[in-house]
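**Student:** Quick one: this structure, given as structure tokens, is what I'll be asking you about.
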Amino acid sequence: MDKQTKATVVSSLMALSLVLAMMAIFNNSWLAETNEDSGETTSSGLENSMIVNTYKSNTECEGVKDMMVGFGVPGEISCDGKELTVFMNIEELCEPEEEEEMTEDCEDVLAANSMGSMGMWAGASCALIAMLMLVLPMVGIGALDHLPNVVKTVLSWGAGGLMLLGVLMWFMMLPDGDMSASTGVYMAVFASLLGLGSSFMDTFVPAQNITPSE
């Protein structure tokens, strides 16, 4: 593989890692559960939680919505035809009410989400800088050339490594429950593997300098 092709492949993998990481961070379905009896689907991301239920008619949906609003259910409640959606911020949902303490499970969820978010944001930041280190020289810009090689190596491996660490810490800190891993987790893991794959290729796959024939 020639040097130019290698640089293109490595930077493309890192760019894909960054895009997937950002999609995972803002994805609201890291965990999901469907109640087979009621058809209600509950999903939760790093910041928000969402409950979706489908009723027999738009009138019934609006009636349930008005009832939930009347009872002071937190979050944004909306009806899209027969489908009722309750969109809640997990941190606000876990805020203790008067004379009530935050439950231990809620504290564990917030701690796990915070750790996962920190790992993903740190990894995404490293991926962005690592991608710029690869792309800028290709267009003749040497803005990051002054960085020591050890810093470049740490940033490159840190992209996928920190993402994967964030996901693992998030998983280990979660309290026991019935919800299963969903789309956001898969995107985060795939993003970390792409980042690590890019760094592995950059470090261990040799590049050949091809001289043009006369």
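For the structure tokens, the naming scheme is as follows: chains receive sequential letters (A, B, ...) according to their order of presentation, residues are indexed from 1 within each chain, and ligands are indexed from 1 in presentation order.
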Can you tell me which residues surround Met131 (chain A) at a distance of at most 9 Å, considering only C-alpha atoms, apart from same-chain residues fewer than 6 positions away, and format the answer as a short mmCIF file (atom, residue, chain, number, x, y, z; two decimals) with C-alpha atoms, in the first residue's frame?
**Tutor:**
```cif
data_model
loop_
_atom_site.label_atom_id
_atom_site.label_comp_id
_atom_site.auth_asym_id
_atom_site.auth_seq_id
_atom_site.Cartn_x
_atom_site.Cartn_y
_atom_site.Cartn_z
CA VAL A 10 -6.58 5.77 7.93
CA SER A 11 -8.16 9.24 7.91
CA SER A 12 -11.43 7.84 6.51
CA LEU A 13 -11.65 5.27 9.30
CA MET A 14 -11.01 7.96 11.91
CA ALA A 15 -13.62 10.25 10.32
CA LEU A 18 -15.91 10.46 14.86
CA SER A 156 -4.58 8.52 17.87
#
```
**Student:** Going by DSSP on the backbone, which bits of region 81-204 of chain A are helix (DSSP H, G or I)? Write them as a PyMOL selection string, please.
**Tutor:** chain A and resi 90-93+104-139+149-173+183-204
**Student:** Taking a cut-off of 12 Å and counting only C-alpha atoms, can you build a table that, for each residue of region 138-196 of chain A near region 26-34 of chain A, reports the nearest atom pair and how far apart they are in Å (one decimal), sorted by chain then residue number, as a tab-separated table?
**Tutor:**
```
residue	atom	partner	partner_atom	distance
A:Val167	CA	A:Trp30	CA	10.2
A:Trp170	CA	A:Trp30	CA	10.4
A:Phe171	CA	A:Trp30	CA	10.3
A:Leu174	CA	A:Leu31	CA	10.6
A:Gly177	CA	A:Glu33	CA	9.9
A:Asp178	CA	A:Glu33	CA	7.1
A:Met179	CA	A:Glu33	CA	4.9
A:Ser180	CA	A:Leu31	CA	5.3
A:Ala181	CA	A:Leu31	CA	4.7
A:Ser182	CA	A:Trp30	CA	4.9
A:Thr183	CA	A:Ser29	CA	5.8
A:Gly184	CA	A:Trp30	CA	4.3
A:Val185	CA	A:Trp30	CA	5.1
A:Tyr186	CA	A:Trp30	CA	8.2
A:Met187	CA	A:Asn27	CA	9.1
A:Ala188	CA	A:Trp30	CA	9.2
A:Val189	CA	A:Trp30	CA	11.2
```
**Student:** Would you output that residue set with N, CA and C atoms, as a short mmCIF file (atom, residue, chain, number, x, y, z; two decimals), in the first residue's frame?
**Tutor:**
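Contents of the output file again.cif:
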```cif
data_model
loop_
_atom_site.label_atom_id
_atom_site.label_comp_id
_atom_site.auth_asym_id
_atom_site.auth_seq_id
_atom_site.Cartn_x
_atom_site.Cartn_y
_atom_site.Cartn_z
N VAL A 167 -17.73 3.17 27.25
CA VAL A 167 -18.84 2.21 27.12
C VAL A 167 -18.74 1.13 28.19
N TRP A 170 -19.61 2.60 31.59
CA TRP A 170 -21.06 2.82 31.62
C TRP A 170 -21.80 1.51 31.91
N PHE A 171 -21.40 0.44 31.22
CA PHE A 171 -22.07 -0.85 31.39
C PHE A 171 -21.87 -1.41 32.80
N LEU A 174 -23.97 0.49 35.55
CA LEU A 174 -25.42 0.48 35.48
C LEU A 174 -26.02 -0.45 36.54
N GLY A 177 -31.24 -4.38 35.71
CA GLY A 177 -32.56 -4.03 35.17
C GLY A 177 -32.91 -4.94 34.01
N ASP A 178 -34.12 -4.75 33.46
CA ASP A 178 -34.61 -5.60 32.37
C ASP A 178 -34.32 -5.03 31.00
N MET A 179 -33.82 -3.79 30.93
CA MET A 179 -33.58 -3.17 29.64
C MET A 179 -32.33 -3.76 28.99
N SER A 180 -32.35 -3.82 27.65
CA SER A 180 -31.26 -4.43 26.89
C SER A 180 -30.51 -3.36 26.09
N ALA A 181 -29.26 -3.67 25.77
CA ALA A 181 -28.45 -2.75 24.95
C ALA A 181 -29.12 -2.54 23.61
N SER A 182 -29.05 -1.29 23.13
CA SER A 182 -29.73 -0.96 21.88
C SER A 182 -28.80 -0.18 20.95
N THR A 183 -29.40 0.55 20.02
CA THR A 183 -28.67 1.18 18.90
C THR A 183 -27.49 2.02 19.34
N GLY A 184 -27.67 2.87 20.35
CA GLY A 184 -26.61 3.78 20.77
C GLY A 184 -25.35 3.05 21.21
N VAL A 185 -25.53 1.94 21.92
CA VAL A 185 -24.38 1.15 22.39
C VAL A 185 -23.62 0.56 21.21
N TYR A 186 -24.38 -0.01 20.26
CA TYR A 186 -23.73 -0.61 19.10
C TYR A 186 -22.95 0.42 18.29
N MET A 187 -23.52 1.61 18.13
CA MET A 187 -22.81 2.66 17.40
C MET A 187 -21.55 3.08 18.15
N ALA A 188 -21.64 3.18 19.48
CA ALA A 188 -20.48 3.59 20.28
C ALA A 188 -19.36 2.55 20.19
N VAL A 189 -19.71 1.27 20.28
CA VAL A 189 -18.70 0.21 20.21
C VAL A 189 -18.07 0.19 18.82
#
```
**Student:** Neighbours of Phe190 (chain A) within 10 Å (only C-alpha atoms; same-chain residues fewer than 2 positions away dropped), as a list in words?
**Tutor:** Leu16, Ser17, Leu20, Ala21, Ala24, Gly160, Met163, Leu164, Gly184, Val185, Tyr186, Met187, Ala188, Ser192, Leu193, Leu194, Gly195 and Leu196 of chain A
**Student:** Neighbours of region 52-63 of chain A within 6 Å (only C-alpha atoms; same-chain residues fewer than 4 positions away dropped), as a list in words?
**Tutor:**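 Counting only the stated atoms, we get Glu40, Thr41, Gly81, Lys82, Glu83, Leu84 and Thr85 of chain A.
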**Student:** Could you save those same residues with N, CA, C and O atoms as a compact mmCIF listing (two decimals), in the first residue's frame?
**Tutor:**
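Below is the file again08.txt, written as the result:
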```
# COMPACT_ATOMS: atom_id res chain seq x y z
N GLU A 40 -45.87 -1.03 25.02
CA GLU A 40 -45.12 0.19 25.37
C GLU A 40 -43.63 -0.04 25.22
O GLU A 40 -43.10 -1.05 25.68
N THR A 41 -42.96 0.90 24.57
CA THR A 41 -41.51 0.82 24.37
C THR A 41 -40.82 1.91 25.17
O THR A 41 -41.17 3.08 25.05
N GLY A 81 -50.74 11.29 15.94
CA GLY A 81 -51.78 10.34 15.57
C GLY A 81 -52.15 9.49 16.78
O GLY A 81 -52.53 10.01 17.82
N LYS A 82 -51.99 8.19 16.65
CA LYS A 82 -52.32 7.27 17.75
C LYS A 82 -51.13 7.05 18.69
O LYS A 82 -51.27 6.40 19.73
N GLU A 83 -49.96 7.59 18.34
CA GLU A 83 -48.73 7.30 19.08
C GLU A 83 -48.43 8.39 20.11
O GLU A 83 -48.30 9.56 19.77
N LEU A 84 -48.35 7.96 21.36
CA LEU A 84 -48.04 8.88 22.47
C LEU A 84 -46.56 8.76 22.82
O LEU A 84 -46.04 7.66 23.01
N THR A 85 -45.88 9.91 22.90
CA THR A 85 -44.46 9.92 23.24
C THR A 85 -44.23 10.80 24.46
O THR A 85 -44.70 11.94 24.51
```
**Student:** Tell me, counting only C-alpha atoms, for each residue of region 2-81 of chain A within 9 Å of region 99-122 of chain A, which pair of atoms is nearest and how far apart they are in Å to one decimal, in rows ordered by chain and increasing number, as CSV.
**Tutor:**
```
residue,atom,partner,partner_atom,distance
A:Ala21,CA,A:Met120,CA,6.7
A:Met22,CA,A:Trp121,CA,8.1
A:Ala24,CA,A:Met120,CA,8.4
A:Ile25,CA,A:Ser117,CA,6.8
A:Gly45,CA,A:Asn113,CA,8.0
A:Leu46,CA,A:Asn113,CA,4.9
A:Glu47,CA,A:Asn113,CA,7.2
```
**Student:** Write out as a PDB file with N, CA, C and O atoms, in the first residue's frame each polymer residue whose atoms come within 9 Å of region 138-145 of chain A, counting only C-alpha atoms; drop sequence neighbours fewer than 6 positions from it.
**Tutor:**
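So out-v3.pdb came out as:
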```
ATOM      1  N   GLN A   4       0.090   7.493   0.151  1.00  0.00           N
ATOM      2  CA  GLN A   4      -1.103   8.306  -0.042  1.00  0.00           C
ATOM      3  C   GLN A   4      -2.380   7.501   0.220  1.00  0.00           C
ATOM      4  O   GLN A   4      -3.316   7.982   0.874  1.00  0.00           O
ATOM      5  N   ALA A   7      -2.768   6.881   3.981  1.00  0.00           N
ATOM      6  CA  ALA A   7      -3.233   8.081   4.684  1.00  0.00           C
ATOM      7  C   ALA A   7      -4.726   8.300   4.458  1.00  0.00           C
ATOM      8  O   ALA A   7      -5.468   8.684   5.371  1.00  0.00           O
ATOM      9  N   THR A   8      -5.193   8.035   3.235  1.00  0.00           N
ATOM     10  CA  THR A   8      -6.609   8.219   2.919  1.00  0.00           C
ATOM     11  C   THR A   8      -7.477   7.227   3.692  1.00  0.00           C
ATOM     12  O   THR A   8      -8.513   7.601   4.260  1.00  0.00           O
ATOM     13  N   ILE A 129      -8.997  15.521  16.542  1.00  0.00           N
ATOM     14  CA  ILE A 129      -7.621  16.007  16.405  1.00  0.00           C
ATOM     15  C   ILE A 129      -6.783  15.028  15.583  1.00  0.00           C
ATOM     16  O   ILE A 129      -5.979  15.426  14.731  1.00  0.00           O
ATOM     17  N   LEU A 132      -7.577  15.450  11.977  1.00  0.00           N
ATOM     18  CA  LEU A 132      -6.945  16.663  11.444  1.00  0.00           C
ATOM     19  C   LEU A 132      -5.452  16.465  11.223  1.00  0.00           C
ATOM     20  O   LEU A 132      -4.884  16.982  10.257  1.00  0.00           O
TER      21      LEU A 132
END
```
**Student:** Extract the full set of strand (DSSP E) residues from chain A according to DSSP on the backbone, and format it as an NGL selection string.
**Tutor:** :A and (31-34 or 41-44 or 48-54 or 76-80 or 83-89 or 180-181)
**Student:** Between CA of Met50 (chain A) and CA of Val19 (chain A), what is the distance in Å, rounded to a tenth?
**Tutor:** 23.2 Å
**Student:** When you count only C-alpha atoms, which of these residues is closest to Cys126 (chain A): A:Phe71, A:Pro148, A:Asn89, A:Ser199?
**Tutor:**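 Closest candidate: A:Ser199.
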**Student:** In Å, with one decimal, what is the gap from CA of Gly75 (chain A) to CA of Met169 (chain A)?
**Tutor:**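 The value is 27.5 Å.
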